[in-house]
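Asker: Take a look at protein_35.txt, compact mmCIF, C-alpha atoms:
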# COMPACT_ATOMS: atom_id res chain seq x y z
CA MET A 1 0.00 0.00 0.00
CA ALA A 2 1.46 3.37 -1.00
CA SER A 3 1.94 6.04 1.63
CA ASP A 4 0.33 9.48 1.38
CA ARG A 5 3.69 10.98 0.44
CA GLU A 6 4.13 8.49 -2.40
CA ARG A 7 0.59 9.05 -3.69
CA ASP A 8 1.22 12.78 -3.64
CA ALA A 9 4.49 12.44 -5.51
CA ALA A 10 3.18 9.97 -8.07
CA GLY A 11 -0.52 10.69 -8.36
CA ASN A 12 -0.38 14.47 -8.49
CA ALA A 13 2.94 14.72 -10.26
CA GLY A 14 1.41 14.90 -13.71
CA THR A 15 -0.87 17.79 -12.76
CA GLY A 16 1.90 20.40 -12.62
CA THR A 17 2.77 22.47 -15.62
CA PRO A 18 5.76 20.94 -17.42
CA GLY A 19 8.84 22.89 -16.48
CA SER A 20 7.24 24.36 -13.34
CA ALA A 21 9.09 24.33 -10.04
CA GLY A 22 6.56 21.94 -8.47
CA SER A 23 6.78 19.48 -11.34
CA ALA A 24 10.59 19.62 -11.33
CA GLY A 25 10.67 19.05 -7.56
CA LYS A 26 8.41 16.01 -7.85
CA ALA A 27 10.44 14.68 -10.77
CA ASP A 28 13.62 15.10 -8.71
CA GLN A 29 11.98 13.27 -5.80
CA ILE A 30 10.92 10.33 -7.97
CA ALA A 31 14.33 10.19 -9.69
CA LEU A 32 16.16 10.20 -6.35
CA LYS A 33 13.91 7.39 -5.14
CA PHE A 34 14.80 5.40 -8.28
CA PHE A 35 18.48 5.53 -7.32
CA THR A 36 17.71 4.93 -3.63
CA LYS A 37 15.44 1.95 -4.27
CA ALA A 38 18.03 0.33 -6.57
CA ALA A 39 20.71 0.67 -3.88
CA LEU A 40 18.38 -0.65 -1.16
CA LEU A 41 17.31 -3.66 -3.24
CA VAL A 42 20.88 -4.71 -4.02
CA HIS A 43 21.97 -4.11 -0.42
CA HIS A 44 19.07 -6.08 1.06
CA ALA A 45 19.53 -9.02 -1.34
CA ARG A 46 23.32 -9.28 -1.12
CA ALA A 47 24.49 -7.95 2.25
CA THR A 48 25.07 -10.29 5.16
CA PRO A 49 22.98 -9.20 8.15
CA PRO A 50 25.00 -8.43 11.29
CA ALA A 51 25.02 -11.04 14.04
CA GLY A 52 23.11 -10.44 17.23
CA PRO A 53 19.76 -8.85 17.97
CA HIS A 54 18.25 -6.79 15.19
CA PRO A 55 16.84 -3.37 16.04
CA PRO A 56 13.47 -2.38 14.54
CA VAL A 57 13.85 -1.64 10.85
CA ARG A 58 12.36 1.29 8.95
CA LEU A 59 10.73 0.29 5.70
CA ASP A 60 11.04 2.11 2.40
CA LYS A 61 7.65 1.72 0.70
CA TRP A 62 8.31 3.57 -2.54
CA PHE A 63 7.24 1.87 -5.75
CA ASN A 64 4.86 -0.41 -3.79
CA LEU A 65 7.76 -2.58 -2.66
CA GLU A 66 8.67 -2.71 1.01
CA THR A 67 12.41 -2.93 1.60
CA PRO A 68 14.42 -2.32 4.75
CA ASP A 69 15.70 1.25 4.75
CA THR A 70 19.23 2.17 5.73
CA ASP A 71 21.16 5.42 5.90
CA ALA A 72 24.28 3.73 4.49
CA PHE A 73 23.79 5.29 1.04
CA ARG A 74 22.47 8.72 2.02
CA GLU A 75 25.76 10.57 1.39
CA HIS A 76 26.50 8.68 -1.83
CA LEU A 77 23.04 9.48 -3.21
CA ARG A 78 23.19 13.20 -2.38
CA LEU A 79 24.63 13.81 -5.86
CA TYR A 80 21.34 12.63 -7.43
CA ARG A 81 19.00 14.98 -5.51
CA SER A 82 18.60 17.55 -8.30
CA LEU A 83 18.44 15.64 -11.55
CA SER A 84 16.29 18.31 -13.21
CA ALA A 85 19.31 20.64 -13.13
CA ALA A 86 21.42 17.90 -14.75
CA ALA A 87 18.96 17.71 -17.66
CA ALA A 88 19.81 21.27 -18.71
CA PRO A 89 21.78 21.43 -21.98
CA ALA A 90 24.87 23.07 -20.44
CA ALA A 91 24.88 20.93 -17.28
CA PRO A 92 27.67 18.39 -16.80
CA ALA A 93 26.59 14.78 -17.10
CA LEU A 94 26.00 12.95 -13.83
CA PRO A 95 28.10 9.86 -13.28
CA PRO A 96 26.16 6.61 -13.10
CA LEU A 97 25.45 5.12 -9.70
CA GLU A 98 27.68 2.06 -9.48
CA LEU A 99 26.83 -0.65 -6.97
CA HIS A 100 29.49 -3.30 -6.49
CA VAL A 101 28.85 -6.53 -4.64
CA LEU A 102 32.14 -7.63 -3.10
CA LEU A 103 33.18 -10.79 -1.33
CA SER A 104 35.49 -10.00 1.56
CA VAL A 105 38.22 -12.63 1.91
CA PRO A 106 39.24 -13.07 5.55
CA GLU A 107 42.85 -13.25 6.64
CA LEU A 108 44.06 -16.79 5.99
CA ALA A 109 46.13 -18.82 8.41
CA THR A 110 49.55 -20.05 7.33
CA ASN A 111 48.19 -23.53 6.57
CA GLN A 112 45.28 -22.22 4.42
CA VAL A 113 45.16 -21.22 0.75
CA LEU A 114 42.47 -19.76 -1.47
CA VAL A 115 41.54 -21.96 -4.44
CA LEU A 116 39.31 -21.47 -7.46
CA SER A 117 37.06 -24.45 -7.97
CA ASP A 118 35.54 -25.06 -11.40
CA PRO A 119 33.67 -28.27 -12.25
CA ALA A 120 35.17 -28.29 -15.75
CA ALA A 121 38.76 -27.76 -14.62
CA PRO A 122 41.05 -28.75 -11.76
CA ARG A 123 41.25 -26.54 -8.71
CA ALA A 124 43.67 -23.66 -9.07
CA ARG A 125 45.42 -21.79 -6.30
CA VAL A 126 44.78 -18.03 -6.21
CA ASP A 127 48.02 -16.28 -5.42
CA PRO A 128 48.37 -13.63 -4.09
CA THR A 129 45.23 -13.82 -1.96
CA PRO A 130 42.97 -10.85 -2.74
CA ARG A 131 41.24 -8.92 0.05
CA LEU A 132 38.09 -8.37 -2.03
CA VAL A 133 36.53 -10.21 -4.97
CA LEU A 134 34.03 -8.44 -7.24
CA LEU A 135 30.97 -10.68 -7.61
CA GLU A 136 28.63 -8.39 -9.52
CA SER A 137 28.23 -4.78 -10.53
CA TRP A 138 25.03 -2.76 -11.04
CA HIS A 139 24.89 0.57 -12.88
CA VAL A 140 21.99 3.02 -12.67
CA GLN A 141 22.30 5.99 -14.99
CA PHE A 142 20.24 9.10 -15.66
CA ALA A 143 20.15 9.62 -19.42
CA PRO A 144 17.77 12.44 -20.37
CA ALA A 145 16.21 12.41 -23.80
CA PRO A 146 17.63 14.98 -26.21
CA HIS A 147 15.80 18.30 -26.18
CA ARG A 148 13.02 18.46 -28.69
CA ASP A 149 12.14 21.41 -30.82
CA ALA A 150 8.70 22.88 -31.52
CA ARG A 151 8.03 20.41 -34.35
CA ASP A 152 7.92 17.56 -31.81
CA ALA A 153 5.26 19.26 -29.65
CA PRO A 154 2.61 16.53 -30.27
CA HIS A 155 4.93 14.09 -28.44
CA ALA A 156 4.35 15.44 -24.94
CA ASP A 157 6.53 14.53 -21.99
CA VAL A 158 5.58 11.42 -20.04
CA ALA A 159 3.50 12.17 -16.93
CA LEU A 160 5.33 11.59 -13.66
CA SER A 161 2.56 9.27 -12.48
CA THR A 162 3.31 7.07 -15.50
CA VAL A 163 7.02 7.09 -14.69
CA TYR A 164 6.24 6.08 -11.11
CA LYS A 165 3.93 3.26 -12.23
CA GLN A 166 6.56 1.95 -14.65
CA GLY A 167 9.07 2.09 -11.80
CA ILE A 168 6.87 -0.35 -9.88
CA SER A 169 7.38 -2.97 -12.61
CA VAL A 170 11.09 -2.23 -12.89
CA PHE A 171 11.74 -2.69 -9.18
CA ARG A 172 9.55 -5.78 -8.82
CA SER A 173 11.51 -7.33 -11.68
CA MET A 174 14.81 -6.30 -10.10
CA PHE A 175 13.68 -7.69 -6.71
CA THR A 176 12.89 -11.04 -8.35
CA LEU A 177 16.09 -11.10 -10.38
CA LEU A 178 18.21 -10.44 -7.30
CA ARG A 179 16.66 -13.42 -5.55
CA VAL A 180 16.70 -15.82 -8.52
CA LEU A 181 20.27 -15.22 -9.64
CA PRO A 182 23.13 -16.11 -7.33
CA ALA A 183 25.74 -13.44 -6.70
CA TRP A 184 28.55 -15.73 -7.88
Could the structure of this file be written out as C-alpha cells, please?
Answerer:
Amino acid sequence: MASDRERDAAGNAGTGTPGSAGSAGKADQIALKFFTKAALLVHHARATPPAGPHPPVRLDKWFNLETPDTDAFREHLRLYRSLSAAAAPAAPALPPLELHVLLSVPELATNQVLVLSDPAAPRARVDPTPRLVLLESWHVQFAPAPHRDARDAPHADVALSTVYKQGISVFRSMFTLLRVLPAW
C-alpha cells in the first residue's frame, strides 16, 4: 500500500505544468527514489545481516515494494538529488550510480590457501590472496532524452505518475532477479 507521500508524488505529479518548479521538484523526488530503491534492493539481497539482535527496521515503501531502509547510502546518493538541473543542456553529465557486490576474503592462516574451484577444470590456487573479490556490478544511470524542438510538440513529456507506475514494474523485476540469480 502506497503512503500518502508516495501518492502525492506519483498521483499528483502529472498535474503540474511541465517545467514548473513543483513538477521539477516532484520529478527530482521520484528520480532520487529510483536511485535509492536500486541501492536498497541490491543491499538487502546481497548484504550479510549483522550477528546479534536486530533493532526495529524502517521500511522504504516507494514503488509499492517494502524494503528495509538504511542510511548507508544517504551521502553517496546526495549527488542525485537535483536531476532536473542535470537535464539542462549546459549541465555536466551525472556519473552513473555504481553498486558493487564484493566478497570479503578473511585473513588466511599459514596452513590455508584460497583456491578457485571449477567443475570443468582442476582446482587452481589463487596467489596472491585478494582482500576483495568483485561478484557483480550494477549501474543506474540518468540519461535524459535529447531536447526536442517545436516540431515535436505533439509528443508530450511522459506524466510523472506514468514514470512512477513503470518504476513499480522495474523494481519488482529487479527484486525477483536479485533473488533468482546467485551473486557468484
Asker: Which is closest to A:Ser23 among A:Val170, A:Leu178, A:Leu132, A:Leu160, if we use all atoms listed in the file?
Answerer: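 When distances to A:Ser23 are compared using all atoms listed in the file, the smallest one comes from A:Leu160.
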Asker: Near stretch 63-70 of chain A, counting all atoms listed in the file, which residues have an atom at most 8 Å away, once you skip same-chain residues fewer than 6 positions from it, shown as a list in words?
Answerer: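 The residues that qualify are Met1, Ala2, Leu40, Leu41, His44, Val57, Tyr164, Lys165, Gly167, Ile168, Phe171 and Arg172 of chain A.
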Asker: Could the residues in this selection be saved with C-alpha atoms as a CSV table (one decimal), in the coordinates of the input?
Answerer:
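What follows is the written file part_12.csv:
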chain,number,residue,atom,x,y,z
A,1,MET,CA,0.0,0.0,0.0
A,2,ALA,CA,1.5,3.4,-1.0
A,40,LEU,CA,18.4,-0.6,-1.2
A,41,LEU,CA,17.3,-3.7,-3.2
A,44,HIS,CA,19.1,-6.1,1.1
A,57,VAL,CA,13.8,-1.6,10.8
A,164,TYR,CA,6.2,6.1,-11.1
A,165,LYS,CA,3.9,3.3,-12.2
A,167,GLY,CA,9.1,2.1,-11.8
A,168,ILE,CA,6.9,-0.4,-9.9
A,171,PHE,CA,11.7,-2.7,-9.2
A,172,ARG,CA,9.6,-5.8,-8.8
Asker: A:Gly25, A:Pro96, A:Pro49, A:Pro56: which is nearest A:His139, counting only C-alpha atoms?
Answerer: A:Pro96
Asker: Please report the interatomic distance between atom CA of A:Ala27 and atom CA of A:Ser82 in Å with one decimal.
Answerer: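 Interatomic distance, atom CA of A:Ala27 to atom CA of A:Ser82: 9.0 Å.
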Asker: To one decimal place, how far is atom CA of A:Pro95 from atom CA of A:Tyr80 in Å?
Answerer: 9.4 Å
Asker: Need the neighbours of (25.7, -5.5, -13.4): which residues are at most 9 Å away, counting only C-alpha atoms, as a JSON list (two decimals) with C-alpha atoms, in the coordinates of the input?
Answerer:
[["chain", "number", "residue", "atom", "x", "y", "z"],
["A", 98, "GLU", "CA", 27.68, 2.06, -9.48],
["A", 99, "LEU", "CA", 26.83, -0.65, -6.97],
["A", 100, "HIS", "CA", 29.49, -3.30, -6.49],
["A", 136, "GLU", "CA", 28.63, -8.39, -9.52],
["A", 137, "SER", "CA", 28.23, -4.78, -10.53],
["A", 138, "TRP", "CA", 25.03, -2.76, -11.04],
["A", 139, "HIS", "CA", 24.89, 0.57, -12.88]]
Asker: What gap, in Å, lies between atom CA of A:Val163 and atom CA of A:Ser84?
Answerer: 14.6 Å
Asker: Would you please work out which residue, of A:Pro53, A:Thr48, A:Gln141, A:Val101, is nearest to A:Phe35 when using all atoms listed in the file?
Answerer: A:Gln141
Asker: Find the residues around A:Ala31 up to 9 Å (all atoms listed in the file counted), leave out those fewer than 5 positions away in its own chain, and share them as a PyMOL selection string.
Answerer: chain A and resi 26+36+80-83+142
Asker: Could you please take those selected residues and save C-alpha atoms as a short mmCIF file (atom, residue, chain, number, x, y, z; two decimals), in the frame of the given file?
Answerer:
data_model
loop_
_atom_site.label_atom_id
_atom_site.label_comp_id
_atom_site.auth_asym_id
_atom_site.auth_seq_id
_atom_site.Cartn_x
_atom_site.Cartn_y
_atom_site.Cartn_z
CA LYS A 26 8.41 16.01 -7.85
CA THR A 36 17.71 4.93 -3.63
CA TYR A 80 21.34 12.63 -7.43
CA ARG A 81 19.00 14.98 -5.51
CA SER A 82 18.60 17.55 -8.30
CA LEU A 83 18.44 15.64 -11.55
CA PHE A 142 20.24 9.10 -15.66
#
Asker: Render stretch 47-62 of chain A from the structure in the preceding block as a file of all heavy atoms, as a short mmCIF file (atom, residue, chain, number, x, y, z; two decimals), in the first residue's frame.
Answerer:
data_model
loop_
_atom_site.label_atom_id
_atom_site.label_comp_id
_atom_site.auth_asym_id
_atom_site.auth_seq_id
_atom_site.Cartn_x
_atom_site.Cartn_y
_atom_site.Cartn_z
N ALA A 47 23.72 -8.19 1.03
CA ALA A 47 24.49 -7.95 2.25
C ALA A 47 24.21 -9.03 3.29
O ALA A 47 23.10 -9.54 3.39
CB ALA A 47 24.17 -6.57 2.83
N THR A 48 25.21 -9.35 4.06
CA THR A 48 25.07 -10.29 5.16
C THR A 48 24.59 -9.52 6.38
O THR A 48 25.22 -8.54 6.79
CB THR A 48 26.42 -10.96 5.47
OG1 THR A 48 26.92 -11.55 4.28
CG2 THR A 48 26.27 -12.02 6.54
N PRO A 49 23.47 -9.93 6.98
CA PRO A 49 22.98 -9.20 8.15
C PRO A 49 23.94 -9.36 9.33
O PRO A 49 24.57 -10.41 9.49
CB PRO A 49 21.62 -9.83 8.45
CG PRO A 49 21.63 -11.14 7.75
CD PRO A 49 22.62 -11.05 6.63
N PRO A 50 24.10 -8.33 10.14
CA PRO A 50 25.00 -8.43 11.29
C PRO A 50 24.47 -9.44 12.31
O PRO A 50 23.26 -9.64 12.44
CB PRO A 50 25.01 -7.01 11.88
CG PRO A 50 23.77 -6.37 11.37
CD PRO A 50 23.44 -7.04 10.06
N ALA A 51 25.40 -10.06 13.01
CA ALA A 51 25.02 -11.04 14.04
C ALA A 51 24.47 -10.33 15.26
O ALA A 51 24.77 -9.16 15.50
CB ALA A 51 26.23 -11.88 14.42
N GLY A 52 23.65 -11.03 16.01
CA GLY A 52 23.11 -10.44 17.23
C GLY A 52 21.67 -9.96 17.04
O GLY A 52 21.07 -10.18 16.00
N PRO A 53 21.15 -9.31 18.07
CA PRO A 53 19.76 -8.85 17.97
C PRO A 53 19.63 -7.75 16.93
O PRO A 53 20.52 -6.92 16.76
CB PRO A 53 19.46 -8.32 19.38
CG PRO A 53 20.80 -7.99 19.96
CD PRO A 53 21.77 -8.95 19.33
N HIS A 54 18.51 -7.78 16.23
CA HIS A 54 18.25 -6.79 15.19
C HIS A 54 17.33 -5.71 15.72
O HIS A 54 16.25 -6.01 16.24
CB HIS A 54 17.62 -7.45 13.97
CG HIS A 54 18.44 -8.54 13.35
ND1 HIS A 54 19.80 -8.58 13.42
CD2 HIS A 54 18.08 -9.62 12.64
CE1 HIS A 54 20.25 -9.64 12.76
NE2 HIS A 54 19.23 -10.30 12.30
N PRO A 55 17.72 -4.46 15.61
CA PRO A 55 16.84 -3.37 16.04
C PRO A 55 15.66 -3.25 15.07
O PRO A 55 15.71 -3.78 13.96
CB PRO A 55 17.73 -2.13 15.96
CG PRO A 55 18.78 -2.47 14.96
CD PRO A 55 18.98 -3.96 15.07
N PRO A 56 14.59 -2.56 15.46
CA PRO A 56 13.47 -2.38 14.54
C PRO A 56 13.94 -1.69 13.26
O PRO A 56 14.79 -0.80 13.30
CB PRO A 56 12.50 -1.49 15.30
CG PRO A 56 13.00 -1.41 16.70
CD PRO A 56 14.39 -1.92 16.74
N VAL A 57 13.41 -2.12 12.15
CA VAL A 57 13.85 -1.64 10.85
C VAL A 57 12.80 -0.72 10.24
O VAL A 57 11.61 -1.04 10.25
CB VAL A 57 14.11 -2.83 9.90
CG1 VAL A 57 14.53 -2.36 8.53
CG2 VAL A 57 15.14 -3.76 10.48
N ARG A 58 13.25 0.43 9.73
CA ARG A 58 12.36 1.29 8.95
C ARG A 58 12.18 0.65 7.59
O ARG A 58 13.10 0.03 7.06
CB ARG A 58 12.98 2.66 8.73
CG ARG A 58 13.06 3.53 9.93
CD ARG A 58 13.62 4.88 9.53
NE ARG A 58 14.59 4.78 8.43
CZ ARG A 58 15.75 5.38 8.37
NH1 ARG A 58 16.12 6.17 9.35
NH2 ARG A 58 16.56 5.23 7.36
N LEU A 59 11.00 0.83 7.02
CA LEU A 59 10.73 0.29 5.70
C LEU A 59 10.60 1.41 4.68
O LEU A 59 9.94 2.41 4.94
CB LEU A 59 9.45 -0.55 5.70
CG LEU A 59 9.50 -1.85 6.49
CD1 LEU A 59 8.15 -2.54 6.46
CD2 LEU A 59 10.56 -2.78 5.93
N ASP A 60 11.22 1.22 3.53
CA ASP A 60 11.04 2.11 2.40
C ASP A 60 9.93 1.50 1.56
O ASP A 60 10.04 0.37 1.10
CB ASP A 60 12.34 2.20 1.58
CG ASP A 60 12.18 3.05 0.35
OD1 ASP A 60 12.15 4.29 0.51
OD2 ASP A 60 12.07 2.49 -0.75
N LYS A 61 8.83 2.25 1.38
CA LYS A 61 7.65 1.72 0.70
C LYS A 61 7.45 2.30 -0.70
O LYS A 61 6.41 2.08 -1.31
CB LYS A 61 6.41 1.98 1.55
CG LYS A 61 6.45 1.27 2.88
CD LYS A 61 5.23 1.55 3.70
CE LYS A 61 5.32 0.87 5.05
NZ LYS A 61 4.14 1.11 5.87
N TRP A 62 8.44 2.99 -1.21
CA TRP A 62 8.31 3.57 -2.54
C TRP A 62 8.19 2.47 -3.58
O TRP A 62 8.75 1.39 -3.44
CB TRP A 62 9.52 4.45 -2.84
CG TRP A 62 9.36 5.84 -2.31
CD1 TRP A 62 9.56 6.25 -1.03
CD2 TRP A 62 8.92 6.98 -3.03
NE1 TRP A 62 9.29 7.58 -0.92
CE2 TRP A 62 8.89 8.06 -2.15
CE3 TRP A 62 8.55 7.19 -4.36
CZ2 TRP A 62 8.51 9.33 -2.54
CZ3 TRP A 62 8.18 8.46 -4.75
CH2 TRP A 62 8.16 9.51 -3.84
#
